[in-house]
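Trainee: Dumping the structure here so I can ask a few things about it.
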2 protein chains.
Amino acid sequence: MTTRWLNADEERAWRGFHRLRGDLTARLNAELAADSGLTEADFAVLVYLSEAPGGVMRARELQRELAWDRSRLSHQLTRMERRGTVERRACATDARGLDISITAAGRAAITAAAPAHVAVVRHCFVNLLTPEQLATLADIADIVADHLEEAHGRRATGDE
Amino acid sequence: MTTRWLNADEERAWRGFHRLRGDLTARLNAELAADSGLTEADFAVLVYLSEAPGGVMRARELQRELAWDRSRLSHQLTRMERRGTVERRACATDARGLDISITAAGRAAITAAAPAHVAVVRHCFVNLLTPEQLATLADIADIVADHLEEAHGRRATGDE
DNA sequence: ATCAGATTGATGATGTGTCAACAAACAGTA
DNA sequence: TACTGTTTGTTGACACATCATCAATCTGAT
């Protein structure tokens, strides 16, 4: 098999994306940590929990929404429980299940962190781009996500 | 301060990018590890070393090219040296410096890994997108990179 | 009722990334 | 020479991600 290497335009796009990924991740993590003491992983979990009715969600459901590995979520919840932002409780309807609930401290943390987080997302990303660029990026994300999802076995995540 | 939240289009773009970032990272790491035993970090280091004259580069230079933290590179080199893909040597011209050289095993590893890596990048990314989409993505990456670079020391606290 | 297989979750090992603190060597200056 | 500040790289502590393995529970077929 002959390898078809990337041409100049493809290379520019790929390396650009690669760079973008690393830089933005680092920046967002740093800002979030400095502003609120939360990590990106903490933030992601708390976003879902804070939007759930009663601030409670099944671990399984959380995992599905986040598209995370089982053990990744488990480890993350262990750390967050230690830091006091969430609590684990036995699930009433399924003895193997877990109800994860956001604590008062967790709710306070996400409430305090969200505005600064959005500000950084705007300042370092959204506000720099035109509506057309944002739309194209969203399209790209959908296309790639569909492909990866399909290749991995179809798992109806259901969200947009 | 009043927070300006993301509208629907902005939200779609941001969440899409966020998702894309995570999914592609995971996929590439998994493929690379399965195909060649290398990690993305290994691969990045070996790409630069293999292109350098003599397969040798100053650690400082490597760090600058990769845009990595000092300690990140140091830890990475420790791991790679243990795995036998690179070697550290004292630098002749600067006693604090280090010459990093790729080993025969390292060269073999990157040579073996590169075609499969490109194939995955094509299959999961480049080939899914139109030239226009790739160009827009590259533009976006440049814009954001320029901004982050420029605002190197400042904090984004909502000022615009 | 029982048993096989699937689902839900925890755990330990290992690799990765970031921060703060440190040490050694260079460069410029008094 | 000695003093000061910068550059270069290491180390330890901690957080995160993935893999393999394990345990408990549920489900469905017999």
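Residues in the structure tokens are named by chain (A, B, ... in the order shown) and by number from 1 within that chain; ligands are numbered from 1 in the order shown.
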Env of segment 2-17 of chain C: 7 Å cut, atoms = only C-alpha atoms (C1' of nucleotides), seq-sep filter 2 positions within chain, self excluded. Answer as a list in words.

Mentor: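 With the cut-off at 7 Å, the set is Arg96 and Gly97 of chain A; Arg72 of chain B.
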
Trainee: Can you spit out the residues from that selection as a short mmCIF file (atom, residue, chain, number, x, y, z; two decimals), in the first residue's frame, using C-alpha atoms?

Mentor:
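The result, written out as selection_19.cif:
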data_model
loop_
_atom_site.label_atom_id
_atom_site.label_comp_id
_atom_site.auth_asym_id
_atom_site.auth_seq_id
_atom_site.Cartn_x
_atom_site.Cartn_y
_atom_site.Cartn_z
CA ARG A 96 -25.91 -1.64 41.12
CA GLY A 97 -26.55 1.95 40.13
CA ARG B 72 6.77 18.46 30.22
#

Trainee: Report, to one decimal in Å, the C-alpha RMSD of chain A against chain B after an in-order least-squares superposition over all those atoms.

Mentor: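 Here the RMSD amounts to 4.7 Å.
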
Trainee: Please identify the alpha helix (DSSP H) residues within chain A (assignment by DSSP from backbone atoms) and present them as a PyMOL selection string.

Mentor: chain A and resi 8-36+40-51+59-66+70-83+104-124+131-151

Trainee: Could you dump the residues just selected with C-alpha atoms as an mmCIF file, in the first residue's frame?

Mentor:
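Once written, selection_3.cif looks like this:
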data_model
loop_
_atom_site.group_PDB
_atom_site.id
_atom_site.type_symbol
_atom_site.label_atom_id
_atom_site.label_comp_id
_atom_site.auth_asym_id
_atom_site.auth_seq_id
_atom_site.Cartn_x
_atom_site.Cartn_y
_atom_site.Cartn_z
ATOM 1 C CA ALA A 8 0.115 21.561 1.799
ATOM 2 C CA ASP A 9 -3.462 22.633 2.439
ATOM 3 C CA GLU A 10 -4.335 19.475 4.298
ATOM 4 C CA GLU A 11 -1.192 19.766 6.322
ATOM 5 C CA ARG A 12 -1.975 23.335 7.241
ATOM 6 C CA ALA A 13 -5.468 22.415 8.358
ATOM 7 C CA TRP A 14 -4.395 19.409 10.357
ATOM 8 C CA ARG A 15 -1.433 21.004 12.067
ATOM 9 C CA GLY A 16 -3.543 24.060 12.732
ATOM 10 C CA PHE A 17 -6.242 22.035 14.368
ATOM 11 C CA HIS A 18 -3.696 20.075 16.336
ATOM 12 C CA ARG A 19 -2.110 23.236 17.602
ATOM 13 C CA LEU A 20 -5.466 24.829 18.323
ATOM 14 C CA ARG A 21 -6.499 21.877 20.356
ATOM 15 C CA GLY A 22 -3.444 21.955 22.567
ATOM 16 C CA ASP A 23 -3.304 25.701 23.038
ATOM 17 C CA LEU A 24 -6.969 26.168 23.834
ATOM 18 C CA THR A 25 -7.019 23.234 26.213
ATOM 19 C CA ALA A 26 -4.070 24.603 28.130
ATOM 20 C CA ARG A 27 -5.476 28.093 28.239
ATOM 21 C CA LEU A 28 -8.925 27.071 29.379
ATOM 22 C CA ASN A 29 -7.613 24.772 32.048
ATOM 23 C CA ALA A 30 -5.312 27.430 33.381
ATOM 24 C CA GLU A 31 -8.007 30.109 33.462
ATOM 25 C CA LEU A 32 -10.541 27.834 35.042
ATOM 26 C CA ALA A 33 -8.135 26.678 37.712
ATOM 27 C CA ALA A 34 -7.013 30.207 38.490
ATOM 28 C CA ASP A 35 -10.526 31.648 38.618
ATOM 29 C CA SER A 36 -12.422 28.964 40.412
ATOM 30 C CA GLU A 40 -12.293 21.237 32.973
ATOM 31 C CA ALA A 41 -13.379 17.771 33.992
ATOM 32 C CA ASP A 42 -14.978 19.096 37.154
ATOM 33 C CA PHE A 43 -16.711 21.770 35.145
ATOM 34 C CA ALA A 44 -18.097 19.325 32.612
ATOM 35 C CA VAL A 45 -19.561 17.099 35.314
ATOM 36 C CA LEU A 46 -21.018 20.004 37.255
ATOM 37 C CA VAL A 47 -22.650 21.482 34.165
ATOM 38 C CA TYR A 48 -24.722 18.368 33.648
ATOM 39 C CA LEU A 49 -25.512 17.883 37.316
ATOM 40 C CA SER A 50 -26.538 21.490 37.829
ATOM 41 C CA GLU A 51 -28.958 21.258 34.906
ATOM 42 C CA ALA A 59 -23.834 7.726 36.968
ATOM 43 C CA ARG A 60 -24.739 5.768 33.868
ATOM 44 C CA GLU A 61 -26.606 8.715 32.430
ATOM 45 C CA LEU A 62 -23.779 11.082 33.237
ATOM 46 C CA GLN A 63 -21.358 8.793 31.507
ATOM 47 C CA ARG A 64 -23.552 8.615 28.439
ATOM 48 C CA GLU A 65 -23.917 12.388 28.216
ATOM 49 C CA LEU A 66 -20.232 13.047 28.690
ATOM 50 C CA ARG A 70 -16.769 4.071 32.871
ATOM 51 C CA SER A 71 -13.614 4.155 34.881
ATOM 52 C CA ARG A 72 -12.797 7.686 33.858
ATOM 53 C CA LEU A 73 -16.023 8.859 35.402
ATOM 54 C CA SER A 74 -15.502 6.702 38.452
ATOM 55 C CA HIS A 75 -12.047 8.131 39.105
ATOM 56 C CA GLN A 76 -13.275 11.654 38.468
ATOM 57 C CA LEU A 77 -16.167 11.223 40.899
ATOM 58 C CA THR A 78 -13.773 9.904 43.520
ATOM 59 C CA ARG A 79 -11.694 13.053 43.234
ATOM 60 C CA MET A 80 -14.702 15.336 43.195
ATOM 61 C CA GLU A 81 -16.256 13.613 46.176
ATOM 62 C CA ARG A 82 -13.016 14.128 48.051
ATOM 63 C CA ARG A 83 -13.127 17.807 47.144
ATOM 64 C CA ALA A 104 -24.163 23.036 47.825
ATOM 65 C CA ALA A 105 -20.450 23.646 47.493
ATOM 66 C CA GLY A 106 -20.497 22.202 43.999
ATOM 67 C CA ARG A 107 -23.372 24.422 42.983
ATOM 68 C CA ALA A 108 -21.631 27.452 44.403
ATOM 69 C CA ALA A 109 -18.439 26.551 42.552
ATOM 70 C CA ILE A 110 -20.069 26.209 39.158
ATOM 71 C CA THR A 111 -22.143 29.334 39.648
ATOM 72 C CA ALA A 112 -19.020 31.271 40.450
ATOM 73 C CA ALA A 113 -16.984 29.730 37.648
ATOM 74 C CA ALA A 114 -19.430 29.907 34.752
ATOM 75 C CA PRO A 115 -19.281 33.623 33.911
ATOM 76 C CA ALA A 116 -15.486 33.684 33.828
ATOM 77 C CA HIS A 117 -15.452 30.508 31.801
ATOM 78 C CA VAL A 118 -17.804 31.925 29.196
ATOM 79 C CA ALA A 119 -15.743 35.106 29.143
ATOM 80 C CA VAL A 120 -12.630 33.123 28.284
ATOM 81 C CA VAL A 121 -14.444 31.112 25.639
ATOM 82 C CA ARG A 122 -15.623 34.364 24.109
ATOM 83 C CA HIS A 123 -12.360 36.196 24.432
ATOM 84 C CA CYS A 124 -10.150 33.393 23.123
ATOM 85 C CA PRO A 131 -20.680 33.594 12.137
ATOM 86 C CA GLU A 132 -19.697 31.829 8.916
ATOM 87 C CA GLN A 133 -16.551 30.452 10.479
ATOM 88 C CA LEU A 134 -18.449 29.292 13.545
ATOM 89 C CA ALA A 135 -21.043 27.594 11.365
ATOM 90 C CA THR A 136 -18.391 25.823 9.326
ATOM 91 C CA LEU A 137 -16.645 24.670 12.465
ATOM 92 C CA ALA A 138 -19.874 23.300 13.878
ATOM 93 C CA ASP A 139 -20.484 21.452 10.611
ATOM 94 C CA ILE A 140 -17.002 19.988 10.721
ATOM 95 C CA ALA A 141 -17.508 18.819 14.269
ATOM 96 C CA ASP A 142 -20.773 17.132 13.346
ATOM 97 C CA ILE A 143 -19.284 15.396 10.343
ATOM 98 C CA VAL A 144 -16.337 14.011 12.236
ATOM 99 C CA ALA A 145 -18.410 13.082 15.262
ATOM 100 C CA ASP A 146 -20.884 11.175 13.095
ATOM 101 C CA HIS A 147 -18.054 9.322 11.456
ATOM 102 C CA LEU A 148 -16.321 8.388 14.686
ATOM 103 C CA GLU A 149 -19.553 7.354 16.286
ATOM 104 C CA GLU A 150 -20.492 5.141 13.386
ATOM 105 C CA ALA A 151 -17.068 3.553 13.228
#

Trainee: One decimal, Å: what's the distance from atom C1' of DC19 of chain D over to atom CA of Ala67 of chain A, could you say?

Mentor: 17.1 Å

Trainee: Quick one: residues within 12 Å of Ala95 of chain B, only C-alpha atoms (C1' of nucleotides), excluding same-chain residues fewer than 5 positions away - as a list in words?

Mentor: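 My list of contacting residues is Arg58, Arg89 and Ala90 of chain B; DA24, DA25 and DC26 of chain C; DT7, DT8 and DG9 of chain D.
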
Trainee: Please identify the strand (DSSP E) residues within segment 47-155 of chain B (assignment by DSSP from backbone atoms) and present them as a PDB file with C-alpha atoms, in the first residue's frame.

Mentor:
ATOM      1  CA  VAL B  56      20.085  15.426  17.077  1.00  0.00           C
ATOM      2  CA  MET B  57      18.520  18.530  18.530  1.00  0.00           C
ATOM      3  CA  ARG B  58      19.090  20.685  21.572  1.00  0.00           C
ATOM      4  CA  VAL B  86      15.875   8.720  22.348  1.00  0.00           C
ATOM      5  CA  GLU B  87      19.125   9.417  24.178  1.00  0.00           C
ATOM      6  CA  ARG B  88      20.302  12.357  26.216  1.00  0.00           C
ATOM      7  CA  ARG B  89      23.868  13.569  25.776  1.00  0.00           C
ATOM      8  CA  ALA B  90      25.766  16.476  27.232  1.00  0.00           C
ATOM      9  CA  LEU B  98      21.348  18.731  26.388  1.00  0.00           C
ATOM     10  CA  ASP B  99      21.619  17.133  22.992  1.00  0.00           C
ATOM     11  CA  ILE B 100      18.692  14.827  22.357  1.00  0.00           C
ATOM     12  CA  SER B 101      19.280  12.189  19.719  1.00  0.00           C
ATOM     13  CA  ILE B 102      16.945   9.693  18.152  1.00  0.00           C
TER      14      ILE B 102
END

Trainee: Quick one: of A:Trp68, A:Asp94, A:Arg4, A:Gly54, who's nearest to chain C, counting only C-alpha atoms (C1' of nucleotides)?

Mentor: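 The answer is A:Asp94, which sits nearest to chain C.
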